[in-house]
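Novice: mmCIF, C-alpha atoms and all ligand atoms, saved as coords.cif, coming up:
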data_target
#
loop_
_atom_site.label_atom_id
_atom_site.label_comp_id
_atom_site.auth_asym_id
_atom_site.auth_seq_id
_atom_site.Cartn_x
_atom_site.Cartn_y
_atom_site.Cartn_z
CA MET S 315 -66.61 124.33 -84.05
CA VAL S 316 -65.39 125.37 -80.60
CA ASP S 317 -67.23 128.21 -78.87
CA LYS S 318 -64.08 129.49 -77.21
CA MET S 319 -60.81 129.62 -79.10
CA TYR S 320 -57.66 129.58 -76.96
CA ILE S 321 -54.64 131.32 -78.40
CA SER S 322 -51.14 130.71 -77.05
CA TYR S 323 -48.28 133.23 -76.92
CA ASN S 324 -46.45 130.99 -79.39
CA ASN S 325 -49.33 131.25 -81.77
CA VAL S 326 -49.46 135.05 -81.43
CA HIS S 327 -45.73 135.16 -82.16
CA LYS S 328 -46.03 133.03 -85.29
CA LEU S 329 -49.00 134.99 -86.63
CA CYS S 330 -47.00 138.21 -86.16
CA LYS S 331 -43.99 136.73 -87.94
CA ALA S 332 -46.05 135.61 -90.92
CA GLY S 333 -47.89 138.95 -90.99
CA ALA S 334 -44.61 140.89 -90.98
CA GLU S 335 -43.18 138.83 -93.82
CA GLU S 336 -46.28 139.45 -95.92
CA PHE S 337 -46.25 143.15 -95.03
CA LEU S 338 -42.61 143.56 -96.04
CA LYS S 339 -43.25 141.74 -99.29
CA GLN S 340 -46.34 143.73 -100.26
CA VAL S 341 -45.89 147.16 -98.70
CA GLY S 342 -42.30 147.59 -97.53
CA LYS S 343 -40.78 148.61 -94.21
CA PRO S 344 -43.04 150.85 -92.14
CA ASP S 345 -41.88 154.20 -90.75
CA VAL S 346 -44.07 153.83 -87.69
CA ILE S 347 -46.29 151.26 -86.01
CA ILE S 348 -49.48 152.45 -84.34
CA ALA S 349 -50.73 150.04 -81.69
CA ILE S 350 -54.38 150.20 -80.72
CA GLY S 351 -54.47 149.57 -76.99
CA GLY S 352 -54.85 147.47 -75.04
CA GLY S 353 -55.11 144.40 -77.31
CA GLY S 354 -52.76 145.73 -80.00
CA PHE S 355 -49.81 146.39 -77.69
CA ILE S 356 -48.30 142.92 -77.47
CA PRO S 357 -48.76 142.04 -81.16
CA ALA S 358 -47.29 145.44 -82.14
CA ARG S 359 -44.13 144.82 -80.13
CA ILE S 360 -43.74 141.33 -81.52
CA ILE S 361 -44.31 142.31 -85.13
CA ARG S 362 -41.67 145.02 -84.81
CA THR S 363 -39.09 142.31 -84.21
CA PHE S 364 -39.77 140.88 -87.66
CA LEU S 365 -40.01 144.19 -89.51
CA ARG S 366 -36.52 145.35 -88.64
CA SER S 367 -33.41 144.04 -90.34
CA PRO S 368 -30.37 143.43 -88.11
CA GLY S 369 -28.39 146.62 -87.53
CA GLU S 370 -31.27 148.91 -88.48
CA LYS S 371 -32.87 151.42 -86.12
CA ASN S 372 -35.98 150.34 -84.25
CA ILE S 373 -39.30 151.27 -85.78
CA PRO S 374 -41.11 153.63 -83.38
CA ILE S 375 -44.34 152.37 -81.85
CA GLN S 376 -47.04 154.92 -81.11
CA ALA S 377 -49.95 153.97 -78.89
CA ILE S 378 -53.51 155.05 -79.34
CA GLY S 379 -56.22 154.10 -76.87
CA LEU S 380 -59.59 153.19 -78.29
CA SER S 381 -62.35 151.58 -76.29
CA LEU S 382 -65.69 150.30 -77.44
CA TYR S 383 -68.64 150.88 -75.24
CA GLU S 384 -72.31 150.11 -75.62
CA ASP S 385 -74.14 153.21 -76.65
CA MET S 386 -77.48 152.93 -74.88
CA GLY S 387 -78.38 156.57 -75.36
CA THR S 388 -81.06 156.23 -78.01
CA GLY S 389 -83.46 154.08 -76.00
CA THR S 390 -84.88 151.30 -78.13
CA ASP S 391 -83.15 147.94 -78.27
CA ASP S 392 -82.55 147.92 -82.00
CA LYS S 393 -80.71 151.23 -81.73
CA ILE S 394 -78.15 149.97 -79.24
CA GLY S 395 -74.84 150.31 -80.95
CA LYS S 396 -71.17 150.54 -80.16
CA GLU S 397 -69.33 153.75 -79.88
CA VAL S 398 -65.58 154.27 -79.90
CA ILE S 399 -64.06 156.30 -77.12
CA ARG S 400 -60.65 157.83 -77.64
CA THR S 401 -58.64 157.45 -74.44
CA GLN S 402 -55.19 158.25 -75.86
CA TRP S 403 -53.85 159.67 -79.09
CA LEU S 404 -50.56 160.18 -80.95
CA ASP S 405 -47.74 161.96 -79.18
CA PHE S 406 -44.43 162.34 -80.97
CA GLY S 407 -42.90 164.02 -77.90
CA ALA S 408 -39.14 163.60 -77.89
CA LEU S 409 -39.27 162.08 -81.37
CA SER S 410 -40.61 165.28 -82.86
CA GLN S 411 -37.24 166.54 -84.14
CA HIS S 412 -37.05 163.62 -86.55
CA PHE S 413 -40.69 162.72 -86.70
CA ASP S 414 -42.99 165.68 -86.92
CA SER S 415 -46.14 164.02 -88.19
CA LEU S 416 -47.52 161.07 -90.13
CA ILE S 417 -47.44 163.00 -93.42
CA GLY S 418 -45.90 160.93 -96.21
CA LYS S 419 -45.25 157.96 -93.94
CA ASN S 420 -45.76 154.24 -94.39
CA ILE S 421 -47.85 153.39 -91.33
CA LEU S 422 -48.81 150.04 -89.86
CA ILE S 423 -51.80 149.98 -87.49
CA VAL S 424 -51.91 146.91 -85.23
CA ASP S 425 -54.74 145.45 -83.21
CA GLU S 426 -55.47 141.94 -81.98
CA VAL S 427 -58.93 141.40 -83.43
CA ASP S 428 -61.20 142.75 -86.12
CA ASP S 429 -64.63 141.96 -84.76
CA THR S 430 -67.34 144.37 -85.98
CA ARG S 431 -64.61 146.54 -87.61
CA THR S 432 -65.89 149.61 -85.74
CA THR S 433 -62.53 150.28 -84.07
CA LEU S 434 -60.41 149.91 -87.21
CA HIS S 435 -62.80 152.08 -89.18
CA TYR S 436 -62.55 154.74 -86.50
CA ALA S 437 -58.76 154.54 -86.31
CA VAL S 438 -58.19 154.87 -90.07
CA SER S 439 -60.78 157.65 -90.46
CA GLU S 440 -59.40 159.73 -87.60
CA LEU S 441 -55.74 159.25 -88.49
CA TYR S 442 -56.50 160.14 -92.10
CA LYS S 443 -58.35 163.26 -90.97
CA ASP S 444 -55.42 164.32 -88.77
CA VAL S 445 -52.91 163.90 -91.59
CA LYS S 446 -55.10 165.74 -94.09
CA GLU S 447 -55.56 168.71 -91.76
CA ILE S 448 -51.86 169.08 -90.98
CA ALA S 449 -50.79 168.47 -94.59
CA GLU S 450 -53.14 171.20 -95.80
CA LYS S 451 -51.82 173.59 -93.17
CA LEU S 452 -48.20 172.89 -94.14
CA GLY S 453 -48.80 172.76 -97.89
CA ARG S 454 -47.62 169.13 -98.03
CA THR S 455 -50.66 167.54 -99.64
CA SER S 456 -48.61 165.97 -102.44
CA GLU S 457 -46.91 163.56 -100.00
CA LYS S 458 -48.46 160.11 -100.00
CA THR S 459 -49.42 158.68 -96.62
CA ARG S 460 -50.15 154.95 -96.49
CA PHE S 461 -52.14 153.25 -93.75
CA SER S 462 -51.94 149.48 -93.52
CA ILE S 463 -53.49 147.26 -90.89
CA PHE S 464 -52.44 144.04 -89.22
CA VAL S 465 -54.73 142.06 -86.92
CA LEU S 466 -54.07 138.65 -85.44
CA HIS S 467 -57.64 137.55 -86.10
CA ASN S 468 -60.46 138.66 -88.33
CA LYS S 469 -63.89 137.34 -87.37
CA LEU S 470 -65.84 136.22 -90.39
CA LYS S 471 -69.13 137.97 -89.76
CA GLU S 472 -71.16 140.89 -90.94
CA LYS S 473 -69.22 144.06 -90.14
CA ARG S 474 -70.72 147.26 -88.81
CA ALA S 475 -68.32 149.47 -90.69
CA GLN S 476 -66.06 149.28 -93.70
CA ILE S 477 -62.62 150.78 -94.02
CA ASP S 478 -62.44 153.33 -96.78
CA GLU S 479 -59.69 152.13 -99.14
CA ASP S 480 -59.09 155.65 -100.42
CA LYS S 481 -58.11 156.70 -96.92
CA MET S 482 -55.55 153.88 -96.75
CA GLY S 483 -53.63 155.53 -99.62
CA GLY S 484 -52.50 152.24 -101.12
CA GLY S 485 -51.84 150.60 -97.75
CA LYS S 486 -53.17 147.07 -97.22
CA TYR S 487 -55.07 144.99 -94.72
CA PHE S 488 -53.29 141.92 -93.29
CA VAL S 489 -54.81 139.18 -91.19
CA GLY S 490 -52.98 136.52 -89.19
CA LYS S 491 -55.98 134.22 -89.42
CA ASP S 492 -59.63 134.44 -90.41
CA VAL S 493 -61.76 132.83 -87.73
CA PRO S 494 -65.43 132.09 -87.13
CA ASP S 495 -67.43 134.40 -84.89
CA VAL S 496 -66.46 132.78 -81.59
CA TRP S 497 -64.98 133.99 -78.32
CA ILE S 498 -61.22 134.34 -78.69
CA ALA S 499 -59.26 133.87 -75.47
CA TYR S 500 -55.91 135.65 -75.69
CA PRO S 501 -53.06 134.61 -73.41
CA TRP S 502 -52.64 138.06 -71.83
CA GLU S 503 -56.17 137.81 -70.43
CA SER S 504 -55.55 134.47 -68.79
CA ALA S 505 -55.37 134.00 -65.03
CA ASP S 506 -53.82 130.56 -65.44
CA ILE S 507 -51.44 130.61 -68.39
CA ASP S 508 -50.43 126.93 -68.13
CA THR S 509 -53.99 125.65 -68.43
CA HIS S 510 -54.71 128.24 -71.08
CA THR S 511 -51.72 127.13 -73.16
CA GLN S 512 -52.74 123.51 -72.75
CA HIS S 513 -56.20 124.32 -74.17
CA ALA S 514 -54.57 126.21 -77.04
CA VAL S 515 -52.33 123.21 -77.80
CA GLU S 516 -55.34 120.86 -77.74
CA GLN S 517 -57.07 123.11 -80.26
CA GLY S 518 -53.96 123.31 -82.44
CA ASN S 519 -53.47 127.04 -81.82
CA ILE S 520 -49.77 126.84 -81.06
O1 LIG D 1 -63.94 145.28 -84.45
P1 LIG D 1 -64.54 145.87 -83.19
O2 LIG D 1 -65.95 145.41 -82.96
O3 LIG D 1 -64.40 147.34 -83.14
O4 LIG D 1 -63.78 145.24 -81.97
C1 LIG D 1 -62.39 145.14 -81.87
C2 LIG D 1 -61.86 145.96 -80.74
O5 LIG D 1 -62.46 145.54 -79.51
C3 LIG D 1 -61.45 145.30 -78.54
O6 LIG D 1 -61.17 146.47 -77.84
P2 LIG D 1 -61.81 146.87 -76.44
O7 LIG D 1 -62.63 148.11 -76.62
O8 LIG D 1 -62.51 145.70 -75.84
O9 LIG D 1 -60.55 147.32 -75.62
P3 LIG D 1 -59.17 146.57 -75.23
O10 LIG D 1 -58.35 146.45 -76.49
O11 LIG D 1 -58.56 147.51 -74.28
O12 LIG D 1 -59.53 145.25 -74.65
C4 LIG D 1 -60.24 144.92 -79.37
O13 LIG D 1 -59.04 145.18 -78.70
C5 LIG D 1 -60.37 145.76 -80.61
O14 LIG D 1 -59.70 147.00 -80.47
#
Go ahead and express the file in the form of structure tokens.

Specialist:
Amino acid sequence: MVDKMYISYNNVHKLCKAGAEEFLKQVGKPDVIIAIGGGGFIPARIIRTFLRSPGEKNIPIQAIGLSLYEDMGTGTDDKIGKEVIRTQWLDFGALSQHFDSLIGKNILIVDEVDDTRTTLHYAVSELYKDVKEIAEKLGRTSEKTRFSIFVLHNKLKEKRAQIDEDKMGGGKYFVGKDVPDVWIAYPWESADIDTHTQHAVEQGNI
């Protein structure tokens, strides 16, 4: 087993294509894609290409910014955990005439990696909470909102959090590829993309 897995842009593209096909088959076309930045931005844009049929309108991509940081606050080593910091949230801005909220929508959340699952758990819980609050205020609680997830890679390891299926409202979790708990080197982090791609090819991640 390698201790560093190199992923090429080609590989990212193919994982997104396969993920989109599966998503369309199992869930149906999404109304909106929510990209978790920064790692979810590039996969979200690529997957959109495969979710839209020719001639159809583009699926809007919303960005949310979530960052993990080591929470050292509690002192002892065994208490050190990871906390999610919200750096950016939904903004329907100019879309708001046609797209007032996530209520009743088929939503696809995209990130590059599911590591400890802390980030995805946070994203689904907070988005669900937002929708519930607004739906109650507007008397639209009967509308069904579905949250699905697509990640390029899921690390096979013990997770720190689980995603509450009830909150997904019938949405599903899609993975490009399950991988061991190793360092994943994505192409957008590379300072030398040619060498990086060569490593990815050698490892068969093309
Ligand atoms: O499953 P988890 O343990 O929660 O880890 C996964 C998250 O960690 C990384 O985000 P990071 O905070 O490093 O920010 P970035 O996306 O901007 O690199 C990655 O992009 C995921 O969002």

Novice: With the cut-off set at 8 Å and counting all atoms listed in the file, tabulate each residue of chain S with an atom at most that distance from an atom of ligand LIG 1 (chain D), showing the nearest atom pair and its distance in Å to one decimal, ordered by chain and increasing number, as a tab-separated table.

Specialist:
residue	atom	partner	partner_atom	distance
S:Ile350	CA	D:LIG1	O14	6.2
S:Gly351	CA	D:LIG1	O10	5.0
S:Gly352	CA	D:LIG1	O11	3.8
S:Gly353	CA	D:LIG1	O10	3.9
S:Gly354	CA	D:LIG1	O13	6.4
S:Gly379	CA	D:LIG1	O11	7.5
S:Leu380	CA	D:LIG1	O7	6.2
S:Ser381	CA	D:LIG1	O7	3.5
S:Leu382	CA	D:LIG1	O7	3.9
S:Tyr383	CA	D:LIG1	O7	6.8
S:Lys396	CA	D:LIG1	O2	7.8
S:Val398	CA	D:LIG1	O7	7.6
S:Asp425	CA	D:LIG1	O14	5.9
S:Glu426	CA	D:LIG1	O13	5.8
S:Val427	CA	D:LIG1	C1	5.3
S:Asp428	CA	D:LIG1	O1	4.1
S:Asp429	CA	D:LIG1	O1	3.4
S:Thr430	CA	D:LIG1	O2	3.5
S:Arg431	CA	D:LIG1	O1	3.5
S:Thr432	CA	D:LIG1	O3	3.8
S:Thr433	CA	D:LIG1	O3	3.6
S:Leu434	CA	D:LIG1	O3	6.3
S:His435	CA	D:LIG1	O3	7.8
S:Lys473	CA	D:LIG1	O1	7.9
S:Arg474	CA	D:LIG1	O2	7.8

Novice: Keeping only C-alpha atoms, write those residues as a compact mmCIF listing (two decimals), in the coordinates of the input.

Specialist:
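What ended up in out_14.txt:
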# COMPACT_ATOMS: atom_id res chain seq x y z
CA ILE S 350 -54.38 150.20 -80.72
CA GLY S 351 -54.47 149.57 -76.99
CA GLY S 352 -54.85 147.47 -75.04
CA GLY S 353 -55.11 144.40 -77.31
CA GLY S 354 -52.76 145.73 -80.00
CA GLY S 379 -56.22 154.10 -76.87
CA LEU S 380 -59.59 153.19 -78.29
CA SER S 381 -62.35 151.58 -76.29
CA LEU S 382 -65.69 150.30 -77.44
CA TYR S 383 -68.64 150.88 -75.24
CA LYS S 396 -71.17 150.54 -80.16
CA VAL S 398 -65.58 154.27 -79.90
CA ASP S 425 -54.74 145.45 -83.21
CA GLU S 426 -55.47 141.94 -81.98
CA VAL S 427 -58.93 141.40 -83.43
CA ASP S 428 -61.20 142.75 -86.12
CA ASP S 429 -64.63 141.96 -84.76
CA THR S 430 -67.34 144.37 -85.98
CA ARG S 431 -64.61 146.54 -87.61
CA THR S 432 -65.89 149.61 -85.74
CA THR S 433 -62.53 150.28 -84.07
CA LEU S 434 -60.41 149.91 -87.21
CA HIS S 435 -62.80 152.08 -89.18
CA LYS S 473 -69.22 144.06 -90.14
CA ARG S 474 -70.72 147.26 -88.81

Novice: I want to know what sits within 9 Å of Gln517 in chain S, based on only C-alpha atoms, with residues of the same chain fewer than 3 positions away left out; could you give that as a short mmCIF file (atom, residue, chain, number, x, y, z; two decimals) with C-alpha atoms, keeping the file's coordinate frame?

Specialist:
data_model
loop_
_atom_site.label_atom_id
_atom_site.label_comp_id
_atom_site.auth_asym_id
_atom_site.auth_seq_id
_atom_site.Cartn_x
_atom_site.Cartn_y
_atom_site.Cartn_z
CA VAL S 316 -65.39 125.37 -80.60
CA MET S 319 -60.81 129.62 -79.10
CA TYR S 320 -57.66 129.58 -76.96
CA ILE S 321 -54.64 131.32 -78.40
CA GLN S 512 -52.74 123.51 -72.75
CA HIS S 513 -56.20 124.32 -74.17
CA ALA S 514 -54.57 126.21 -77.04
CA ILE S 520 -49.77 126.84 -81.06
#

Novice: Could you tell me how far CA of Asp480 in chain S sits from CA of Glu440 in chain S, in Å to one decimal place?

Specialist: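 CA of Asp480 in chain S lies 13.5 Å from CA of Glu440 in chain S.
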
Novice: So that I can see what lies close to Gln340 in chain S, please list as a count of residues only the residues with an atom at most 12 Å from it, counting only C-alpha atoms and leaving out residues fewer than 6 positions away in the same chain.

Specialist: 8

Novice: Just to confirm, what's the straight-line distance from CA of Lys481 in chain S to CA of Lys343 in chain S in Å (one decimal)?

Specialist: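 Between CA of Lys481 in chain S and CA of Lys343 in chain S the gap works out to 19.3 Å.
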
Novice: Restricting the calculation to only C-alpha atoms, which member of S:Met315, S:Val326, S:Ala349, S:Leu404 is positioned closest to Ala499 in chain S?

Specialist: S:Val326

Novice: Give me the residues within 8 Å of Ile373 in chain S as a ChimeraX atom specification, counting all atoms listed in the file and dropping any in the same chain fewer than 2 places off.

Specialist: /S:344-347,362,366,371,375

Novice: Once you have the residues from the selection above, write them out as a PDB file, keeping the file's coordinate frame, restricted to C-alpha atoms.

Specialist:
ATOM      1  CA  PRO S 344     -43.040 150.850 -92.140  1.00  0.00           C
ATOM      2  CA  ASP S 345     -41.880 154.200 -90.750  1.00  0.00           C
ATOM      3  CA  VAL S 346     -44.070 153.830 -87.690  1.00  0.00           C
ATOM      4  CA  ILE S 347     -46.290 151.260 -86.010  1.00  0.00           C
ATOM      5  CA  ARG S 362     -41.670 145.020 -84.810  1.00  0.00           C
ATOM      6  CA  ARG S 366     -36.520 145.350 -88.640  1.00  0.00           C
ATOM      7  CA  LYS S 371     -32.870 151.420 -86.120  1.00  0.00           C
ATOM      8  CA  ILE S 375     -44.340 152.370 -81.850  1.00  0.00           C
TER       9      ILE S 375
END

Novice: Quick one: distance from CA of Phe337 in chain S to CA of Pro501 in chain S in Å, one decimal?

Specialist: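 CA of Phe337 in chain S sits 24.2 Å away from CA of Pro501 in chain S.
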
Novice: Which residues are close to Lys328 in chain S, i.e. within 12 Å by only C-alpha atoms, leaving aside same-chain residues fewer than 5 positions away? Reply as a list in words.

Specialist: Ile321, Ser322, Tyr323, Gly333, Ala334, Glu335, Pro357, Ile360, Ile361, Thr363, Phe364, Leu466, Gly490, Lys491, Asn519 and Ile520 of chain S

Novice: Would you save the residues of that selection, restricted to C-alpha atoms, as an mmCIF file, keeping the file's coordinate frame?

Specialist:
data_model
loop_
_atom_site.group_PDB
_atom_site.id
_atom_site.type_symbol
_atom_site.label_atom_id
_atom_site.label_comp_id
_atom_site.auth_asym_id
_atom_site.auth_seq_id
_atom_site.Cartn_x
_atom_site.Cartn_y
_atom_site.Cartn_z
ATOM 1 C CA ILE S 321 -54.640 131.320 -78.400
ATOM 2 C CA SER S 322 -51.140 130.710 -77.050
ATOM 3 C CA TYR S 323 -48.280 133.230 -76.920
ATOM 4 C CA GLY S 333 -47.890 138.950 -90.990
ATOM 5 C CA ALA S 334 -44.610 140.890 -90.980
ATOM 6 C CA GLU S 335 -43.180 138.830 -93.820
ATOM 7 C CA PRO S 357 -48.760 142.040 -81.160
ATOM 8 C CA ILE S 360 -43.740 141.330 -81.520
ATOM 9 C CA ILE S 361 -44.310 142.310 -85.130
ATOM 10 C CA THR S 363 -39.090 142.310 -84.210
ATOM 11 C CA PHE S 364 -39.770 140.880 -87.660
ATOM 12 C CA LEU S 466 -54.070 138.650 -85.440
ATOM 13 C CA GLY S 490 -52.980 136.520 -89.190
ATOM 14 C CA LYS S 491 -55.980 134.220 -89.420
ATOM 15 C CA ASN S 519 -53.470 127.040 -81.820
ATOM 16 C CA ILE S 520 -49.770 126.840 -81.060
#

Novice: Find the residue from S:Leu329, S:Val424, S:Ala358, S:Leu416 that sits nearest to Phe464 in chain S; use only C-alpha atoms when measuring.

Specialist: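 Under the stated criterion, the closest residue is S:Val424.
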
Novice: Would you mind telling me which residue in S:Pro368, S:Glu397, S:Tyr436, S:Ala377 lies nearest to Phe355 in chain S when using all atoms listed in the file?

Specialist: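 Smallest distance to Phe355 in chain S is found for S:Ala377.
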
Novice: When you count only C-alpha atoms, which of these residues is closest to Ile498 in chain S: S:Gly518, S:Leu452, S:Glu447, S:Asn468?

Specialist: S:Asn468

Novice: Would you please work out which residue, of S:Val496, S:Ile417, S:Ile477, S:Arg400, is nearest to Glu457 in chain S when using all atoms listed in the file?

Specialist: S:Ile417

Novice: Considering only C-alpha atoms, state which residue in the set S:Ser456, S:Lys469, S:Ser367, S:Ile356 is at the smallest distance from Val493 in chain S.

Specialist: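 Residue with the minimum atom-to-atom distance to Val493 in chain S: S:Lys469.
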
Novice: Provide range 497-506 of chain S of the preceding structure as a file containing all heavy atoms, as a short mmCIF file (atom, residue, chain, number, x, y, z; two decimals), in the first residue's frame.

Specialist:
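Dumped to selection_29.cif:
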data_model
loop_
_atom_site.label_atom_id
_atom_site.label_comp_id
_atom_site.auth_asym_id
_atom_site.auth_seq_id
_atom_site.Cartn_x
_atom_site.Cartn_y
_atom_site.Cartn_z
N TRP S 497 -2.42 9.45 2.78
CA TRP S 497 -2.39 10.85 2.33
C TRP S 497 -2.81 10.89 0.85
O TRP S 497 -2.20 10.22 0.01
CB TRP S 497 -0.97 11.38 2.53
CG TRP S 497 -0.74 12.78 2.06
CD1 TRP S 497 -1.64 13.67 1.57
CD2 TRP S 497 0.53 13.45 2.06
NE1 TRP S 497 -1.03 14.86 1.26
CE2 TRP S 497 0.31 14.75 1.55
CE3 TRP S 497 1.83 13.08 2.43
CZ2 TRP S 497 1.34 15.68 1.40
CZ3 TRP S 497 2.85 13.99 2.29
CH2 TRP S 497 2.60 15.28 1.79
N ILE S 498 -3.83 11.67 0.55
CA ILE S 498 -4.25 11.80 -0.85
C ILE S 498 -3.73 13.13 -1.39
O ILE S 498 -4.02 14.19 -0.83
CB ILE S 498 -5.78 11.77 -0.99
CG1 ILE S 498 -6.36 10.52 -0.32
CG2 ILE S 498 -6.19 11.81 -2.47
CD1 ILE S 498 -7.88 10.46 -0.34
N ALA S 499 -2.94 13.04 -2.47
CA ALA S 499 -2.40 14.27 -3.07
C ALA S 499 -3.25 14.63 -4.29
O ALA S 499 -3.24 13.93 -5.31
CB ALA S 499 -0.95 14.03 -3.49
N TYR S 500 -4.00 15.72 -4.16
CA TYR S 500 -4.86 16.16 -5.27
C TYR S 500 -4.08 17.06 -6.21
O TYR S 500 -3.18 17.79 -5.78
CB TYR S 500 -6.10 16.87 -4.71
CG TYR S 500 -7.06 15.90 -4.07
CD1 TYR S 500 -7.17 15.80 -2.69
CD2 TYR S 500 -7.84 15.06 -4.87
CE1 TYR S 500 -8.03 14.87 -2.10
CE2 TYR S 500 -8.71 14.14 -4.30
CZ TYR S 500 -8.80 14.06 -2.92
OH TYR S 500 -9.66 13.14 -2.37
N PRO S 501 -4.45 17.07 -7.48
CA PRO S 501 -3.66 17.82 -8.46
C PRO S 501 -3.64 19.32 -8.20
O PRO S 501 -2.64 19.99 -8.47
CB PRO S 501 -4.34 17.49 -9.80
CG PRO S 501 -5.70 16.97 -9.45
CD PRO S 501 -5.56 16.33 -8.11
N TRP S 502 -4.75 19.87 -7.66
CA TRP S 502 -4.78 21.32 -7.46
C TRP S 502 -3.86 21.78 -6.33
O TRP S 502 -3.66 22.97 -6.15
CB TRP S 502 -6.21 21.81 -7.21
CG TRP S 502 -7.00 21.02 -6.20
CD1 TRP S 502 -6.96 21.15 -4.85
CD2 TRP S 502 -7.93 19.98 -6.46
NE1 TRP S 502 -7.81 20.25 -4.25
CE2 TRP S 502 -8.43 19.52 -5.22
CE3 TRP S 502 -8.41 19.37 -7.63
CZ2 TRP S 502 -9.37 18.49 -5.12
CZ3 TRP S 502 -9.34 18.35 -7.52
CH2 TRP S 502 -9.81 17.93 -6.27
N GLU S 503 -3.30 20.84 -5.58
CA GLU S 503 -2.36 21.22 -4.52
C GLU S 503 -0.91 21.10 -5.00
O GLU S 503 0.02 21.42 -4.26
CB GLU S 503 -2.52 20.28 -3.32
CG GLU S 503 -3.77 20.57 -2.51
CD GLU S 503 -4.16 19.41 -1.61
OE1 GLU S 503 -3.54 18.33 -1.68
OE2 GLU S 503 -5.11 19.60 -0.84
N SER S 504 -0.74 20.63 -6.23
CA SER S 504 0.61 20.32 -6.69
C SER S 504 1.36 21.54 -7.22
O SER S 504 0.81 22.36 -7.95
CB SER S 504 0.51 19.28 -7.80
OG SER S 504 1.77 19.10 -8.38
N ALA S 505 2.64 21.62 -6.85
CA ALA S 505 3.48 22.70 -7.36
C ALA S 505 4.09 22.31 -8.71
O ALA S 505 4.54 23.16 -9.47
CB ALA S 505 4.58 23.01 -6.36
N ASP S 506 4.13 21.01 -8.99
CA ASP S 506 4.70 20.54 -10.24
C ASP S 506 3.74 19.50 -10.83
O ASP S 506 3.83 18.31 -10.53
CB ASP S 506 6.09 19.93 -9.96
CG ASP S 506 6.70 19.28 -11.19
OD1 ASP S 506 6.06 19.27 -12.27
OD2 ASP S 506 7.82 18.76 -11.08
#
